[in-house]
Structure formats: C-alpha cells, structure tokens
Amino acid sequence: MRIKTIILILVFTLNLTLVSCQSDYDDLELEKLGFDLNNGIYKNNDDIMDKGPVKGGTLNLFSTFPDTLNPLLTKNAYASEFLSFIYEGLVTLDEKQKPEPHLADKWSVSSDGLIWNFHIRDEIRWSDGKALSAKDVEFTFSFLLMSNVDSLYEKQLQNIATFAAIDSSNFKVVLKKPDSFTAEKMTFPILPAHIENDINETADFKPLGTGPFKFDNYLENKTVTLKKNDSWWYINAREDKSKEIMLIDEICIKLYKSAEDSINAFQVYDIDVGFINTDDINKYISRTDMIMKNYTSREFEFLAFNLNNPVFADISVRKAVAAAIDRQEILDDILNGHGTISDIPIHPDSWLYESPNMVPAALNAGQVSKDILLEGGWKEKDSGFYKMFAGINKKLEIEILVNNNNSRRILAAERVCQQLLEAGMAARVTRLPWNSLYGLIDTGKFDIAYTGCRITQAPDISFLYSNSYLPAYLPVQNNIGRNISGYVGVEANSLIDQFYREIDYEKRKNILSGFKNVVNTDLPYIGLFFPDNAVIYRKSVRGSLQPYVWNKYHDSTCWYLPELQ
C-alpha cells in the first residue's frame, strides 16, 4: 500500500508539471513511475474494481492549445472534438455514415431535390435556459456565409442559394443544384443568436451550447473545464432509457504544445483517452494496461495514372499494372493488416456498401501482366516492353512518385515497385517533397503518383473522377482531393450526376455499384486501402467504448469511472 501511495504521489507531481506544458519525459522519470521501458507498460498498474455504472468523477482528455473556443472558427481538430461536448448540429452521422436526426428531429425534400426543410425539436434549451429555435439556425448560417468569416464549415454551404427560418420550428434551405447528401452536411455546430455581439471574439469567446456538457472555465494553455449539463434535452428525448447516461460530472481538457505530447500524457496517467494512427497501432496492440479500439480512418490511399501521358492513356498498361499489384500483400506486410482494401473513396463502413456488388474488386484477377501487354500491342524484348506512339518507339518504364515525409507510404510504394518488377515491367520509386510532387502533377510530368486524400463526411465520388459536382468543401490546404489523373468519362459523369440527384437510398446504392464497375474498367486510379486508426483508453474508463470515424467519442455520455481497487 505504501509503494502504491508513493507511485500515485509521483504521478500527481509529474502531472502538475505536465499541466504547466512540460512535454519531455526522460527514461529515469518514467522508470520512477513504475514504467517498463522494454515492454511499454506499467509494472505497478492499479487494478480497477468495476461493479457497474457509478456516478461522479472527472474524465481527463487531451488537446493542443486552442486557437479559439468558437466551434465555427477553430482550425484545431482537437478543439473541435472537445467542443462537440458543448455544441450540437441539426444532424449526426451514425457508424454507417447515415444521417440521424439530432437538433432537427426530421427533414423533408422536394421532388426536384432543391428545397429542404428541417424541423427543429421542441423543448430544447441552451445551457443558459433560453429556447432553441430556427432563428438560431438562421443566425449560424448567416454567420458562416459572411464574406469576412474564415470557417472550415463555410464550404459545406456553397451549394445553398437561399435559407430562412420559416417560423420558430422550421428552417428552409434552397439549393443551387440537387444534392441528395445535404443532410450529411448539416452536422456543424449551431450557435445561439442571442450571443451575436460576441461571435467574432476569438480570445474571450465563452461557449454556450445545447449539448451534454457546459463550459465552466478556461485557463490559457493549461485546461478547459466542462461541467455536466443536467438539463440536456436528450436525457428525456431518447427512446432507449434502459441505459444510464450522464454519469461523469466533469471533463477536464488538458492543453499541450503539440499532438506528440498526447502519448506521454497518456503514459503517465495524465489523460484517460488518446488517439493513435496506423503506424503506432502495433506498439499498443499487446498492452494489458489499457483498452484499444481500432476504427477505419477517412484517409484513402491510391495510385493515380497520368492519362495525359500516351503510355498511361493506353488501357493495356493500366490493366497490366493493376494485375501485378497485390493489395492484400501490401496491407498485410506494410500496414500489418490494419486497414481495409477499397477501390473507390467511399468509406468501407458506409451504408452504400451494403450490397453484394460493392465488395472490393480483385483487379484483373487471374490475368498475367505480360499477356495483357502483348494483347495490347506491346512487344517484348530482352530489355523490356516497347510500343510505337506517334511514330516513336517507347519503352515501358514506370516512375512512381511518393512524398518523402511519410515512411509508411514510401514502403508501400517500394512494394508496388517490387511487384511491377516481378511482373516484368521496369519501375522505380522517386521520393519528393509535397510541393515538388504536386508541381510535377500540375504540369503533367509524371507516370504514377502514390498519394491519398481525406474523404468528406458526405460521400463524394465526383472530386476524384471529374470536376467536382458541387463546390469543393475540402479544406483549402487539402489540394490532393481532385482529379489528378485527368480522367474524363462520359458514363462516369452521368452516374455521378444521378448519384447526387437520387433521394432513394437503394437506388443510390445501385448507382454507386454501376459507377464502381465503370471506373474499375477504365482504371484512371487503382484504389488501395483505408488505413486504421485507434482510440486508446485507460482501464479507469468503462462503458460503451465504440469509436468510429465520424464520432471518436461515441456513446461517451454512457461512460463511467469505477473506483481504484
């Protein structure tokens, strides 16, 4: 007991140092805390006496220093995550990427797909006691579309022609073009109209929301404290009242200089929940002092052919490359199996995949690259494959470009290269900085680019295969979410148009299935996979631990903190 007390005192002392933004821990400090440096676990780990849900306690979370506590203006992803405990949207996305009613309990759309009406739930109140109304939604939209507002959410509204609160309960949106995924774009935070004078504040903005927790206190560069909102509307509105919710009294968000500090903070018990990416999953998979839950990320990796290059405009070359690539081998050996193979940039867990035709294609399965090339008019010589283009005899030589600051992607590109060499095609990998890589792409001076994109919350197949159907709402800095292959497909464009105009869910599935068949035939890209990420939890956090890509804190209102033994 005395040893355990000393350890807890040491942990508490180091935690105080952490709150003061010290993020470097040497091996001696960790060993003093009982940390096994060889195996990455605590040798003196406190046991948890879990007798079921209990009320009370403080949940400790991580964030880097917030730029603002205004959820519409922050560019800090960690701040957006913790502000979601305070603020809510009209709609939420479930684990299948399907929109679910939230502040809006229902919506309807006109037959032409242009007019949407969102009905606001009755009896929702802001944490200061004032009633939520459609006027608050109108206020939020107006703010986002102001010319001087720089918000990541503003681009989600670019297809809106007009909007208005019809009355206190109904909010109408008129679109410029039909968009069957409009509801999926209504997940951004709604702010109260009665704080209008304060909304442009960044440093002194005081959050006021409708969510499960209320803002309590902000100590700059140290902590943000949230208190339980006992008047949260969902407590009474939920259909399933069998589960106890709102058990934790307080959330303390501890603030650090950089994302890298989160792992150290988790290691020394300073925070209870952490996020890790694909490359670090194997470091934690065998840990017994924590709980880890994997989920499929929203990062889609793919190979892009340069269709403006006559060699790669030749379908036989693209088919030969596809036949040579073993995606499962790359996934297993480079990502240790932590990912999901995918042909197109639609999330593997999406409801759109609930169809037998939507399983990932084994591209050109059973075909041999050499045979495909010979059938396509290529001639094999001792030094490789050759074909005449505009009177010039060209050798098939493939350069794969990859960004030089991603070690995992480099390994995967080198494995692709190896597979091409084994299939008899001359290939090499060139590593470049981002700017140089995209400079070559922009000027059309590349063969194949190994790259990726971060998919949007509303399923979008237009940005990679055509000019975007709608104004792009990816962040400006995400310049890779575009048609870098130069693909122009009449049938693909027709299906994209149908995809966004069709309201019926089953018909949209069928359209996407047809689209997938078209692009897997034309092969402007070879889709690779979506890597996994993971959430790690201290054993002191119990309840429904089921994160997914659209909600990493899913079901956190059902979490509880059992007592240490």
# chains A, B, ... in the order shown; residues from 1 in each chain; ligands from 1
call {"tool": "residues_around", "arguments": {"residues": "Phe171 (chain A)", "least_positions_apart": "2", "cutoff": "9 Å", "atoms": "only C-alpha atoms", "output": "list of chain:residue names"}}
result
A:Trp116, A:Asn117, A:Phe118, A:His119, A:Ile120, A:Ala134, A:Lys135, A:Val137, A:Glu138, A:Phe163, A:Ala164, A:Ala165, A:Ile166, A:Asp167, A:Ser168, A:Ser169, A:Val173
call {"tool": "residues_around", "arguments": {"residues": "Phe275 (chain A)", "least_positions_apart": "4", "cutoff": "10 Å", "atoms": "only C-alpha atoms", "output": "JSON, numbers by chain"}}
result
{"A": [62, 259, 262, 263, 266, 280, 281, 292, 293, 294, 533, 534, 535, 536, 537, 552]}
call {"tool": "select_by_dssp", "arguments": {"residues": "region 403-437 of chain A", "states": "alpha helix (DSSP H)", "output": "ChimeraX atom specification"}}
result
/A:407-422,434-437
call {"tool": "atom_distance", "arguments": {"atom1": "CA of Thr456 (chain A)", "atom2": "CA of Arg238 (chain A)"}}
result
28.2 Å
call {"tool": "residues_around", "arguments": {"residues": "region 86-92 of chain A", "least_positions_apart": "4", "cutoff": "7 Å", "atoms": "only C-alpha atoms", "output": "number ranges by chain"}}
result
A: 99-104, 183, 186-190, 209-215
